[in-house]
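Visitor: Sharing upload-v7.tsv (TSV, C-alpha atoms) below.
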```
chain	number	residue	atom	x	y	z
A	1	MET	CA	31.67	37.25	-11.31
A	2	MET	CA	30.91	35.78	-7.90
A	3	TRP	CA	27.24	36.65	-8.20
A	4	GLU	CA	26.94	34.77	-11.50
A	5	TYR	CA	28.54	31.63	-10.05
A	6	GLY	CA	26.27	31.67	-7.01
A	7	MET	CA	23.14	32.06	-9.11
A	8	GLY	CA	24.29	29.37	-11.50
A	9	CYS	CA	24.49	26.73	-8.77
A	10	GLY	CA	21.46	27.93	-6.87
A	11	TRP	CA	19.11	26.00	-9.12
A	12	LEU	CA	20.78	22.76	-8.08
A	13	GLY	CA	20.02	23.34	-4.41
A	14	MET	CA	16.46	24.36	-5.19
A	15	ALA	CA	15.93	21.28	-7.40
A	16	LEU	CA	17.27	18.98	-4.67
A	17	PHE	CA	15.03	20.66	-2.10
A	18	TRP	CA	11.89	20.13	-4.22
A	19	LEU	CA	12.82	16.54	-5.07
A	20	LEU	CA	13.32	15.79	-1.40
A	21	LEU	CA	10.02	17.44	-0.51
A	22	ILE	CA	8.12	15.49	-3.19
A	23	PHE	CA	9.75	12.23	-2.10
A	24	LEU	CA	8.81	12.92	1.52
A	25	VAL	CA	5.17	13.63	0.62
A	26	LEU	CA	4.96	10.42	-1.46
A	27	ALA	CA	6.50	8.38	1.36
A	28	VAL	CA	3.96	9.74	3.86
A	29	VAL	CA	1.06	9.00	1.48
A	30	LYS	CA	2.31	5.45	0.90
A	31	TYR	CA	2.75	4.90	4.64
A	32	LEU	CA	-0.75	6.14	5.43
A	33	ALA	CA	-2.27	4.05	2.62
A	34	GLY	CA	-0.56	0.98	4.06
A	35	GLN	CA	-1.91	1.69	7.53
A	36	ASN	CA	-5.50	1.98	6.35
A	37	GLY	CA	-5.24	-0.43	3.45
A	38	GLY	CA	-8.18	-2.59	4.40
A	39	GLY	CA	-6.89	-5.37	6.55
A	40	SER	CA	-4.57	-8.30	6.34
A	41	GLU	CA	-4.25	-10.89	3.59
A	42	PRO	CA	-5.90	-13.73	5.57
A	43	ALA	CA	-8.88	-11.49	6.33
A	44	LYS	CA	-9.27	-10.69	2.63
A	45	ALA	CA	-9.00	-14.37	1.71
A	46	LEU	CA	-11.65	-15.30	4.26
A	47	GLU	CA	-13.91	-12.55	2.92
A	48	MET	CA	-13.51	-13.91	-0.61
A	49	LEU	CA	-14.30	-17.42	0.64
A	50	ASP	CA	-17.44	-16.13	2.35
A	51	GLU	CA	-18.54	-14.46	-0.88
A	52	ARG	CA	-18.00	-17.65	-2.90
A	53	TYR	CA	-20.05	-19.62	-0.39
A	54	ALA	CA	-22.81	-17.01	-0.42
A	55	ARG	CA	-22.98	-17.12	-4.22
A	56	GLY	CA	-23.21	-20.92	-4.12
A	57	GLU	CA	-19.94	-21.51	-5.97
A	58	ILE	CA	-18.73	-23.90	-3.28
A	59	GLY	CA	-20.58	-26.24	-0.96
A	60	ARG	CA	-20.76	-26.25	2.83
A	61	ASP	CA	-18.18	-29.00	3.28
A	62	GLU	CA	-15.64	-27.31	1.03
A	63	TYR	CA	-16.32	-23.94	2.70
A	64	LEU	CA	-15.76	-25.35	6.19
A	65	LYS	CA	-12.61	-27.20	5.13
A	66	ARG	CA	-11.06	-24.14	3.49
A	67	ARG	CA	-12.09	-21.88	6.38
A	68	ASP	CA	-10.43	-24.24	8.87
A	69	ASP	CA	-7.31	-24.35	6.67
A	70	MET	CA	-7.16	-20.54	6.65
A	71	LYS	CA	-7.46	-20.30	10.42
A	72	GLY	CA	-4.23	-22.25	10.65
A	73	ILE	CA	-2.37	-19.45	8.82
```
Go ahead and express the file in the form of structure tokens.
Guide:
Amino acid sequence: MMWEYGMGCGWLGMALFWLLLIFLVLAVVKYLAGQNGGGSEPAKALEMLDERYARGEIGRDEYLKRRDDMKGI
């Protein structure tokens, strides 16, 4: 009888162990992705502004004004 009870609840411990392990792996992956995610938001915005200026979508005056506004962030 005791053996049956122990085996019956053993799956619960094993399931919790694997769930914890999977959660830990996902947390590490998310942390590492955040560390190497490609820079800060202002840097991305400035890069997008540079691309718009290079494509000719905005003029020099507008580019300089927006760039100066972003440096204040």
Visitor: CA of Tyr31 in chain A and CA of Lys71 in chain A are how many Å apart?
Guide: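 That distance, rounded to one decimal, is 27.8 Å.
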Visitor: Which residue gives the smallest distance to Pro42 in chain A among A:Asp69, A:Glu57, A:Ala15, A:Gly10, with all atoms listed in the file counted?
Guide: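 Result for the nearest residue to Pro42 in chain A: A:Asp69.
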Visitor: Quick check, in Å to one decimal: how far apart do CA of Met48 in chain A and CA of Val29 in chain A lie?
Guide: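 About the pair CA of Met48 in chain A and CA of Val29 in chain A: they are 27.2 Å apart.
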Visitor: Calculate how many Å separate CA of Glu41 in chain A from CA of Val25 in chain A, rounding to one decimal.
Guide: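 If I compute the distance from CA of Glu41 in chain A to CA of Val25 in chain A, I get 26.4 Å.
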